[in-house]
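So this one's target_11.tsv, TSV, C-alpha atoms and all ligand atoms:
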```tsv
chain	number	residue	atom	x	y	z
A	1	MET	CA	41.43	85.21	-32.58
A	2	SER	CA	43.33	86.83	-29.74
A	3	GLU	CA	40.51	85.89	-27.35
A	4	LEU	CA	40.87	82.28	-28.43
A	5	LEU	CA	44.67	82.36	-27.82
A	6	VAL	CA	44.22	83.89	-24.41
A	7	GLY	CA	41.50	81.39	-23.56
A	8	GLN	CA	43.43	78.24	-24.50
A	9	PRO	CA	45.93	78.30	-21.64
A	10	ASN	CA	43.05	78.68	-19.22
A	11	ILE	CA	41.44	75.58	-20.64
A	12	ASP	CA	44.74	73.67	-20.39
A	13	VAL	CA	45.30	74.84	-16.83
A	14	ASP	CA	41.80	73.70	-15.88
A	15	ASN	CA	42.38	70.31	-17.47
A	16	GLU	CA	45.69	69.94	-15.61
A	17	ALA	CA	44.04	70.88	-12.33
A	18	GLU	CA	41.24	68.44	-13.03
A	19	GLY	CA	43.75	65.72	-13.90
A	20	GLU	CA	45.70	66.45	-10.71
A	21	SER	CA	42.49	66.25	-8.74
A	22	LYS	CA	41.79	62.85	-10.30
A	23	ASN	CA	45.35	61.77	-9.42
A	24	VAL	CA	44.88	62.87	-5.81
A	25	LEU	CA	41.60	60.94	-5.65
A	26	ASN	CA	43.31	57.88	-7.11
A	27	ARG	CA	46.11	58.14	-4.55
A	28	ARG	CA	43.53	58.39	-1.78
A	29	GLN	CA	41.69	55.40	-3.11
A	30	PHE	CA	44.99	53.51	-3.36
A	31	LEU	CA	45.90	54.44	0.21
A	32	ASN	CA	42.43	53.45	1.43
A	33	ILE	CA	42.63	50.11	-0.33
A	34	THR	CA	46.18	49.52	0.95
A	35	PHE	CA	45.18	50.49	4.48
A	36	GLY	CA	42.15	48.20	4.29
A	37	ALA	CA	44.26	45.31	3.03
A	38	VAL	CA	46.94	45.80	5.69
A	39	THR	CA	44.26	46.06	8.39
A	40	GLY	CA	42.56	42.89	7.12
A	41	VAL	CA	45.80	40.91	7.01
A	42	SER	CA	46.76	42.17	10.47
A	43	ALA	CA	43.36	41.21	11.87
A	44	VAL	CA	43.74	37.69	10.49
A	45	ALA	CA	47.35	37.43	11.73
A	46	ILE	CA	46.36	38.55	15.23
A	47	GLY	CA	42.89	37.03	15.30
A	48	LEU	CA	43.71	33.46	14.29
A	49	PRO	CA	46.22	32.82	17.08
A	50	ALA	CA	43.86	34.52	19.54
A	51	VAL	CA	40.96	32.31	18.48
A	52	HIS	CA	43.29	29.34	18.57
A	53	TYR	CA	44.45	30.29	22.08
A	54	LEU	CA	40.89	30.55	23.30
A	55	ASN	CA	39.82	27.45	21.49
A	56	GLY	CA	42.54	25.08	22.54
A	57	HIS	CA	45.92	24.80	24.18
A	58	THR	CA	46.80	21.33	23.02
A	59	VAL	CA	46.95	19.42	19.80
A	60	SER	CA	43.40	18.51	18.94
A	61	ALA	CA	42.64	14.84	18.49
A	62	SER	CA	42.23	14.88	14.75
A	63	THR	CA	45.51	14.28	12.94
A	64	GLY	CA	45.08	10.50	12.62
A	65	LYS	CA	48.79	9.98	13.35
A	66	TRP	CA	50.08	7.31	15.70
A	67	VAL	CA	52.64	8.62	18.15
A	68	GLU	CA	54.72	6.86	20.76
A	69	ALA	CA	53.31	8.58	23.83
A	70	ALA	CA	55.30	6.86	26.58
A	71	GLN	CA	57.48	3.90	27.49
A	72	LEU	CA	55.51	1.40	29.57
A	73	SER	CA	58.18	1.61	32.25
A	74	ALA	CA	57.21	5.27	32.74
A	75	LEU	CA	53.55	4.44	33.40
A	76	ASP	CA	51.98	3.27	36.66
A	77	PRO	CA	49.11	0.90	35.83
A	78	GLN	CA	47.52	1.61	39.22
A	79	GLN	CA	47.31	5.38	38.58
A	80	VAL	CA	45.94	7.86	36.09
A	81	ASN	CA	49.10	8.89	34.25
A	82	ARG	CA	49.64	12.30	32.74
A	83	VAL	CA	51.54	11.92	29.45
A	84	THR	CA	52.92	14.68	27.26
A	85	TYR	CA	54.09	14.19	23.72
A	86	ARG	CA	55.32	16.35	20.88
A	87	ILE	CA	54.10	16.32	17.32
A	88	ARG	CA	54.50	18.42	14.21
A	89	ALA	CA	51.12	19.89	13.32
A	90	LYS	CA	49.61	22.51	11.06
A	91	ASP	CA	48.70	25.74	12.84
A	92	ALA	CA	46.88	27.88	10.26
A	93	TRP	CA	49.54	28.09	7.54
A	94	ARG	CA	52.54	27.17	9.70
A	95	ASP	CA	54.03	23.75	10.30
A	96	ILE	CA	55.10	23.80	13.95
A	97	GLU	CA	55.99	21.42	16.77
A	98	ARG	CA	53.34	21.35	19.46
A	99	GLU	CA	52.87	19.63	22.76
A	100	GLY	CA	49.87	17.48	23.54
A	101	VAL	CA	48.66	16.20	26.90
A	102	LEU	CA	46.96	12.86	27.50
A	103	TYR	CA	45.83	10.83	30.47
A	104	ALA	CA	46.28	7.07	30.46
A	105	TYR	CA	44.94	4.56	32.94
A	106	SER	CA	44.72	0.80	32.90
A	107	GLU	CA	41.89	-1.53	33.91
A	108	ASP	CA	43.88	-4.73	33.36
A	109	SER	CA	47.13	-4.16	35.29
A	110	GLY	CA	48.94	-2.56	32.39
A	111	ALA	CA	48.04	-5.01	29.61
A	112	SER	CA	46.28	-2.10	27.88
A	113	TYR	CA	45.51	1.54	28.61
A	114	VAL	CA	42.50	3.78	28.20
A	115	VAL	CA	43.76	7.10	26.84
A	116	LEU	CA	41.93	10.42	27.09
A	117	ASP	CA	42.85	13.66	25.37
A	118	ALA	CA	43.32	16.24	28.15
A	119	THR	CA	41.69	18.98	26.06
A	120	CYS	CA	38.53	20.27	27.72
A	121	SER	CA	35.56	20.13	25.37
A	122	HIS	CA	34.44	23.62	26.44
A	123	LEU	CA	37.19	26.00	25.32
A	124	GLY	CA	40.19	23.73	25.14
A	125	CYS	CA	42.03	24.21	28.43
A	126	VAL	CA	44.03	21.28	29.72
A	127	VAL	CA	42.15	19.39	32.42
A	128	ARG	CA	43.95	18.11	35.53
A	129	TRP	CA	43.55	14.80	37.27
A	130	LYS	CA	42.57	15.14	40.93
A	131	PRO	CA	43.35	11.78	42.56
A	132	ALA	CA	41.84	12.75	45.91
A	133	GLU	CA	38.51	13.62	44.26
A	134	ASN	CA	38.81	10.86	41.65
A	135	HIS	CA	37.89	13.17	38.79
A	136	PHE	CA	39.32	15.59	36.22
A	137	ALA	CA	38.92	19.31	36.84
A	138	CYS	CA	39.21	22.07	34.28
A	139	PRO	CA	41.03	25.12	35.70
A	140	CYS	CA	39.33	27.57	33.34
A	141	HIS	CA	35.61	27.37	34.11
A	142	ALA	CA	35.36	24.69	36.79
A	143	GLY	CA	34.23	21.88	34.52
A	144	HIS	CA	34.51	18.38	36.00
A	145	PHE	CA	34.79	14.98	34.33
A	146	THR	CA	34.79	11.42	35.60
A	147	ARG	CA	37.90	9.24	35.25
A	148	GLU	CA	36.29	7.86	32.07
A	149	GLY	CA	35.92	11.40	30.74
A	150	ALA	CA	32.15	11.90	31.12
A	151	VAL	CA	30.92	15.37	32.08
A	152	ILE	CA	29.99	15.69	35.75
A	153	ASP	CA	29.22	19.42	35.77
A	154	GLY	CA	30.29	22.74	34.32
A	155	PRO	CA	29.93	24.19	30.82
A	156	ALA	CA	31.69	21.42	28.84
A	157	PRO	CA	29.33	20.27	26.06
A	158	HIS	CA	30.60	16.71	25.87
A	159	ALA	CA	32.98	14.15	27.31
A	160	LEU	CA	36.75	14.15	27.00
A	161	VAL	CA	37.81	12.43	23.79
A	162	GLN	CA	39.02	8.87	24.17
A	163	LEU	CA	41.83	8.07	21.75
A	164	PRO	CA	42.68	4.74	20.12
A	165	SER	CA	45.76	3.21	21.72
A	166	ARG	CA	47.91	0.09	21.54
A	167	ILE	CA	50.99	-1.33	23.18
A	168	GLU	CA	53.90	-2.07	20.95
A	169	ASN	CA	57.62	-2.56	21.65
A	170	ASP	CA	57.16	-1.81	25.35
A	171	ALA	CA	55.61	1.55	24.58
A	172	LEU	CA	52.14	3.07	24.59
A	173	TRP	CA	51.14	4.26	21.13
A	174	VAL	CA	48.23	6.63	20.66
A	175	GLN	CA	46.40	7.79	17.57
A	176	ILE	CA	45.94	11.52	17.83
B	201	LIG	S1	37.58	25.37	29.16
B	201	LIG	FE1	37.12	23.75	30.51
B	201	LIG	S2	35.31	24.37	31.51
B	201	LIG	FE2	35.77	25.99	30.12
```

In structure tokens, write the structure found in this file.
Ligand code: FES
Amino acid sequence: MSELLVGQPNIDVDNEAEGESKNVLNRRQFLNITFGAVTGVSAVAIGLPAVHYLNGHTVSASTGKWVEAAQLSALDPQQVNRVTYRIRAKDAWRDIEREGVLYAYSEDSGASYVVLDATCSHLGCVVRWKPAENHFACPCHAGHFTREGAVIDGPAPHALVQLPSRIENDALWVQI
């Protein structure tokens, strides 16, 4: 009888220690899960903009929206015109204002314009028009494109994207 009384506290103490050990394990698991979740969210938060940066610096030509890109008076029909515009666009989960770059040139003295998205088809840098060489050059990996946007050389997989355009109310409208 006395042995049983003496033994009981030992059993209780063991159970408490075991329970505490389970609690410690649960806390560790909780911390591991929390750390994993925070790490995952951080990786997405940092990774998405990084991928986006590498993948493109301008608004990609896929929103389907028509924007007033420029007043006709601001365009020279004898030149390749660099045009910038601003648009609200989705960037992952955010709704932000972004800048896009286009090039517009005319083959009929300004009655209409051919419009190219300036986004390089390789990794999305903005190409630059080189009037002396009569071609576009990409500053990132030396890709070159004709005035019509076709690939001349470099790593770009396809031509610059030509965008639908129209003239309305003395302005050039472009579907981006
Ligand atoms: S991003 Fe234009 S050639 Fe690489």

Please extract the residues at most 7 Å from ligand LIG 201 (chain B), counting only C-alpha atoms and all ligand atoms, and provide them as a ChimeraX atom specification, using the chain letters and residue numbers of this document.
-> /A:120-125,127,138-143,154-156

With C-alpha atoms retained, write the just-selected residues as a compact mmCIF listing (two decimals), in the coordinates of the input.
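part_25.txt, written as the output of this step:
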```txt
# COMPACT_ATOMS: atom_id res chain seq x y z
CA CYS A 120 38.53 20.27 27.72
CA SER A 121 35.56 20.13 25.37
CA HIS A 122 34.44 23.62 26.44
CA LEU A 123 37.19 26.00 25.32
CA GLY A 124 40.19 23.73 25.14
CA CYS A 125 42.03 24.21 28.43
CA VAL A 127 42.15 19.39 32.42
CA CYS A 138 39.21 22.07 34.28
CA PRO A 139 41.03 25.12 35.70
CA CYS A 140 39.33 27.57 33.34
CA HIS A 141 35.61 27.37 34.11
CA ALA A 142 35.36 24.69 36.79
CA GLY A 143 34.23 21.88 34.52
CA GLY A 154 30.29 22.74 34.32
CA PRO A 155 29.93 24.19 30.82
CA ALA A 156 31.69 21.42 28.84
```

Would you list the contacts of Ile167 in chain A as a PyMOL selection string, taking every protein, DNA or RNA residue within 9 Å and counting all atoms listed in the file, but skipping same-chain residues closer than 3 positions in sequence?
-> chain A and resi 72+111-113+170-174

Spatial neighbours of Asn169 in chain A, max dist 12 Å, all atoms listed in the file, sep filter under 5 positions, as a list in words |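 Once the nearby chain positions are removed, what remains is Glu68, Ala70, Gln71, Leu72 and Ser73 of chain A.
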
If we count all atoms listed in the file, what is near Val115 in chain A at a cut-off of 8 Å, once residues fewer than 2 positions away on the same chain are taken out, given as a PyMOL selection string?
-> chain A and resi 102-105+113+117+162-165+174

Quote the spacing between CA of Glu97 in chain A and CA of His144 in chain A in Å to one decimal place.
->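 The value is 29.0 Å.
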
Rank A:Pro131, A:Gly64, A:Gly149, A:Gly110 by their smallest atom-to-atom distance to Gln78 in chain A, using only C-alpha atoms, and report the top residue only.
->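 With only C-alpha atoms as the atom set, the closest residue is A:Gly110.
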
Got a sec to check which residues sit within 12 Å of (32.8, 12.2, 34.3), counting all atoms listed in the file, and write them as a count of residues only?
-> 27

Any idea what the distance is between CA of Ile96 in chain A and CA of Ala74 in chain A?
->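 Calculated distance between CA of Ile96 in chain A and CA of Ala74 in chain A is 26.5 Å.
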
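For the residues A:Thr119, A:Gln29, A:Ser106, A:Gln175, ranking by smallest atom-to-atom distance to Ile87 in chain A using all atoms listed in the file places A:Gln175 first.
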
Pairwise distance for CA of Thr84 in chain A and CA of Pro157 in chain A, rounded to one decimal in Å |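 Going from CA of Thr84 in chain A over to CA of Pro157 in chain A covers 24.3 Å.
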